[in-house]
Structures are given as C-alpha cells and as structure tokens.
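Working notes for the structure below.
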Amino acid sequence: MKNQRKMEAQSGIDLRMWTHRRAVKALPYIRAIARSLRGSWLDLQRARLQVRRMNARSSSQDRSASILRAGAVRETGRAEDDFNQTLRELETIHVQCLHPGKGLVLIPFSKDDDLVWFIFDLFAPHGLIGWRFEVDRVDTRRILADLPLQGRADEVFSSKPFFPTFWKRQRTYPE
C-alpha cells in the first residue's frame with residue numbers, strides 16, 4: 001500500500017482500486033461506455049477525414065465549398081465534444097482508455113502493493129482478457145488464471161455471459 005500511496009502522491013492522481021468481483025459486476029456498464037466511446041471516436045475520425053479531404057480538394061474555394069467546410073468543422077467539434085464527454089464518464093469511474101477504436105480499457109487494481117490493470121476488450125465474449133503491471137509494455141497481456149482472485153476466477157469465467165432477458169426468448173422457426 002505504501003508504494004501505491006507514494007505513486008499516487010507523486011503523480012497527483014487518486015485512483016480508486018477495483019477488485020475482481022467489482023470489475024466483473026461492472027462489466028455491462030463498462031461495456032456500454034466502451035461501446036459509446038468507440039462510436040464517438042469513429043465519428044470523430046470520420047469528421048476529421050472529411051475536413052482533411054475538403055481542405056485538400058480545392059485551394060480556391062467558392063462560397064458553397066466554404067459553407068460545406070464550415071459545416072464539416074462544426075461536425076468535427078461536436079464529435080470531439082461527444083468523445084471527450086464519454087471519455088470523462090469512463091474516467092469518473094477510474095477506468096482508463098487504452099485504445100478507443102479497438103475498445104480496450106484498463107481497470108486499476110492493486111496486487112502486492114503494485115498498480116496493476118485488468119484489460120477489458122469490448123469484443124471479447126467475457127470482457128476481461130487479461131491483466132498487466134503498470135510498468136509493463138502497453139501490449140503486454142497476462143492471463144487471468146495466473147492471478148490469484150480469491151478462488152472466484154473459475155466460477156466467473158465458467159458462467160454464461162450476460163445477455164438481457166429479451167435476448168433469451170426462445171424463437172420458433174417454421175419447418
């Protein structure tokens with residue numbers, strides 16, 4: 001705990017540490033925010049590309065091209081505001097974005113007084129795909145089975161993934 005407090009005091013960031021149980025319970029919420037973050041990031045990339053293409057297309061712009069460009073710049077600003085708002089929502093629960101386009105986020109926890117991150121992948125069936133130490137390279141992913149999780153890892157990862165009840169309805173198909 002002393003190292004963690006030292007690290008927080010040095011960096012000026014007060015991270016709330018998660019437990020594995022809390023992280024698993026929060027996965028539907030984290031998944032929703034990560035999906036929204038990815039969508040707003042893609043919208044921002046699309047808007048920026050549109051502005052770059054308009055700038056490259058014509059150096060001498062007529063009035064209609066200037067109006068279209070101004071609209072594209074406004075759209076870029078809106079997309080950037082949406083992205084930043086979603087990013088702040090993620091950071092209010094002390095979860096960090098690793099890559100918005102890939103849907104990767106990091107959930108902090110403590111292991112032997114070291115700062116460690118659960119790695120959440122939006123496209124993985126269970127969400128949590130591994131963990132890494134703060135000092136590891138960004139692309140490092142250790143498997144969760146190597147992490148002692150108070151004996152709950154087998155129970156959590158052998159259970160069925162979360163699906164809302166309306167998806168569970170049995171469907172009958174004509175033969």
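Letters A, B, ... mark the chains of the structure tokens in the order given; residue numbers begin at 1 per chain; ligand numbers begin at 1, in order shown.
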
Next on the checklist: Would you pick out the contacts of Gly130 (chain A) at 10 Å or less, using only C-alpha atoms, so that residues sharing its chain but fewer than 4 positions from it are not included, and give the list as a count of residues only?
Outcome noted: 14

So which residues of region 7-168 of chain A fall under strand (DSSP E) by DSSP, listed as an mmCIF file with N, CA and C atoms, in the first residue's frame?
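Writing the result to states_26.cif gives the following:
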```cif
data_model
loop_
_atom_site.group_PDB
_atom_site.id
_atom_site.type_symbol
_atom_site.label_atom_id
_atom_site.label_comp_id
_atom_site.auth_asym_id
_atom_site.auth_seq_id
_atom_site.Cartn_x
_atom_site.Cartn_y
_atom_site.Cartn_z
ATOM 1 N N GLN A 96 -9.377 3.675 -17.363
ATOM 2 C CA GLN A 96 -8.616 4.407 -18.369
ATOM 3 C C GLN A 96 -8.798 3.781 -19.751
ATOM 4 N N CYS A 97 -8.829 4.621 -20.764
ATOM 5 C CA CYS A 97 -8.947 4.148 -22.141
ATOM 6 C C CYS A 97 -7.557 3.812 -22.670
ATOM 7 N N LEU A 98 -7.404 2.598 -23.189
ATOM 8 C CA LEU A 98 -6.138 2.199 -23.795
ATOM 9 C C LEU A 98 -6.161 2.482 -25.298
ATOM 10 N N HIS A 99 -7.237 2.096 -25.967
ATOM 11 C CA HIS A 99 -7.399 2.373 -27.395
ATOM 12 C C HIS A 99 -8.892 2.424 -27.705
ATOM 13 N N LEU A 104 -10.490 -1.081 -26.094
ATOM 14 C CA LEU A 104 -9.664 -1.554 -24.986
ATOM 15 C C LEU A 104 -9.623 -0.518 -23.872
ATOM 16 N N VAL A 105 -9.949 -0.945 -22.662
ATOM 17 C CA VAL A 105 -9.858 -0.073 -21.498
ATOM 18 C C VAL A 105 -9.133 -0.807 -20.374
ATOM 19 N N LEU A 106 -8.606 -0.040 -19.431
ATOM 20 C CA LEU A 106 -7.842 -0.575 -18.314
ATOM 21 C C LEU A 106 -8.556 -0.254 -17.003
ATOM 22 N N ILE A 107 -8.696 -1.277 -16.153
ATOM 23 C CA ILE A 107 -9.353 -1.141 -14.861
ATOM 24 C C ILE A 107 -8.286 -1.347 -13.790
ATOM 25 N N PRO A 108 -8.031 -0.342 -12.933
ATOM 26 C CA PRO A 108 -6.930 -0.457 -11.967
ATOM 27 C C PRO A 108 -7.271 -1.329 -10.766
ATOM 28 N N PHE A 109 -6.296 -2.091 -10.325
ATOM 29 C CA PHE A 109 -6.393 -2.817 -9.062
ATOM 30 C C PHE A 109 -5.000 -2.933 -8.476
ATOM 31 N N SER A 110 -4.924 -3.408 -7.264
ATOM 32 C CA SER A 110 -3.657 -3.480 -6.566
ATOM 33 C C SER A 110 -3.290 -4.934 -6.323
ATOM 34 N N LYS A 111 -2.020 -5.276 -6.582
ATOM 35 C CA LYS A 111 -1.510 -6.627 -6.327
ATOM 36 C C LYS A 111 -0.146 -6.469 -5.677
ATOM 37 N N ASP A 114 1.474 -3.119 -5.796
ATOM 38 C CA ASP A 114 1.807 -2.597 -7.117
ATOM 39 C C ASP A 114 0.520 -2.224 -7.846
ATOM 40 N N LEU A 115 0.618 -1.207 -8.699
ATOM 41 C CA LEU A 115 -0.517 -0.835 -9.532
ATOM 42 C C LEU A 115 -0.590 -1.804 -10.705
ATOM 43 N N VAL A 116 -1.743 -2.420 -10.871
ATOM 44 C CA VAL A 116 -1.964 -3.430 -11.903
ATOM 45 C C VAL A 116 -3.266 -3.073 -12.610
ATOM 46 N N TRP A 117 -3.405 -3.483 -13.858
ATOM 47 C CA TRP A 117 -4.590 -3.156 -14.645
ATOM 48 C C TRP A 117 -5.246 -4.428 -15.186
ATOM 49 N N PHE A 118 -6.563 -4.556 -14.996
ATOM 50 C CA PHE A 118 -7.332 -5.534 -15.761
ATOM 51 C C PHE A 118 -7.471 -4.958 -17.160
ATOM 52 N N ILE A 119 -7.382 -5.797 -18.167
ATOM 53 C CA ILE A 119 -7.545 -5.346 -19.550
ATOM 54 C C ILE A 119 -8.924 -5.788 -20.021
ATOM 55 N N PHE A 120 -9.746 -4.822 -20.397
ATOM 56 C CA PHE A 120 -11.096 -5.088 -20.895
ATOM 57 C C PHE A 120 -11.093 -4.905 -22.402
ATOM 58 N N ASP A 121 -11.661 -5.884 -23.112
ATOM 59 C CA ASP A 121 -11.789 -5.823 -24.569
ATOM 60 C C ASP A 121 -13.274 -5.855 -24.915
ATOM 61 N N LEU A 128 -13.123 -9.219 -19.824
ATOM 62 C CA LEU A 128 -11.777 -9.168 -19.268
ATOM 63 C C LEU A 128 -10.901 -10.203 -19.980
ATOM 64 N N ILE A 129 -9.842 -9.716 -20.614
ATOM 65 C CA ILE A 129 -8.998 -10.630 -21.387
ATOM 66 C C ILE A 129 -7.652 -10.880 -20.732
ATOM 67 N N GLY A 130 -7.332 -10.138 -19.674
ATOM 68 C CA GLY A 130 -6.050 -10.346 -19.019
ATOM 69 C C GLY A 130 -5.744 -9.218 -18.066
ATOM 70 N N TRP A 131 -4.474 -9.117 -17.722
ATOM 71 C CA TRP A 131 -4.011 -8.077 -16.821
ATOM 72 C C TRP A 131 -2.569 -7.765 -17.128
ATOM 73 N N ARG A 132 -2.106 -6.634 -16.610
ATOM 74 C CA ARG A 132 -0.711 -6.245 -16.765
ATOM 75 C C ARG A 132 -0.317 -5.303 -15.645
ATOM 76 N N PHE A 133 0.988 -5.292 -15.321
ATOM 77 C CA PHE A 133 1.517 -4.343 -14.354
ATOM 78 C C PHE A 133 1.617 -2.976 -15.009
#
```

Next on the checklist: Neighbouring residues of Asp81 (chain A) were defined as those with any atom within 12 Å, considering only C-alpha atoms; residues of the same chain fewer than 4 positions away were excluded. Please report them as a ChimeraX atom specification.
Outcome noted: /A:37,40-41,43-44,74-77,85-88

Next on the checklist: So the first atom is CA of Arg137 (chain A) and the second is CA of Lys102 (chain A); what is the distance between them in Å, to one decimal place?
Outcome noted: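 These atoms are spaced 17.3 Å apart.
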
Fewer than 5 positions away in the same chain doesn't count, so skip those; otherwise give me all residues within 7 Å of Arg38 (chain A), counting only C-alpha atoms, as a PDB file with N, CA and C atoms, in the first residue's frame.
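Ended up saving to part.pdb:
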```pdb
ATOM      1  N   PRO A 100      -9.427   3.613 -28.001  1.00  0.00           N
ATOM      2  CA  PRO A 100     -10.872   3.715 -28.205  1.00  0.00           C
ATOM      3  C   PRO A 100     -11.367   2.965 -29.441  1.00  0.00           C
ATOM      4  N   GLY A 101     -10.577   2.914 -30.485  1.00  0.00           N
ATOM      5  CA  GLY A 101     -11.002   2.241 -31.703  1.00  0.00           C
ATOM      6  C   GLY A 101     -11.084   0.730 -31.560  1.00  0.00           C
ATOM      7  N   GLY A 103     -11.608  -0.688 -28.630  1.00  0.00           N
ATOM      8  CA  GLY A 103     -12.473  -0.986 -27.495  1.00  0.00           C
ATOM      9  C   GLY A 103     -11.716  -1.533 -26.306  1.00  0.00           C
TER      10      GLY A 103
END
```

Next on the checklist: When you count only C-alpha atoms, which of these residues is closest to Glu80 (chain A): A:Ser36, A:Thr92, A:Thr19, A:Gln45?
Outcome noted: A:Gln45

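Residue nearest Ile33 (chain A) within the list A:Arg21, A:Leu122, A:Gln50, A:Leu15: A:Leu122 [criterion: smallest interatomic distance, only C-alpha atoms].
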
Checklist entry - Nearest to Ala72 (chain A) among A:Arg57, A:Arg31, A:His94, A:Arg46, with distances taken over only C-alpha atoms: which residue is it? => result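 Ranked by minimum distance to Ala72 (chain A), first place goes to A:Arg46.
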
Next on the checklist: Residues of region 10-150 of chain A classed as alpha helix (DSSP H) by DSSP on the backbone are to be reported as a ChimeraX atom specification.
Outcome noted: /A:10-11,20-57,63-92

Item to check | Residue with smallest distance to Met54 (chain A) - pool A:Lys25, A:Pro125, A:Ile67, A:Leu42, counting only C-alpha atoms | outcome: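 So, comparing all the options, the nearest one is A:Ile67.
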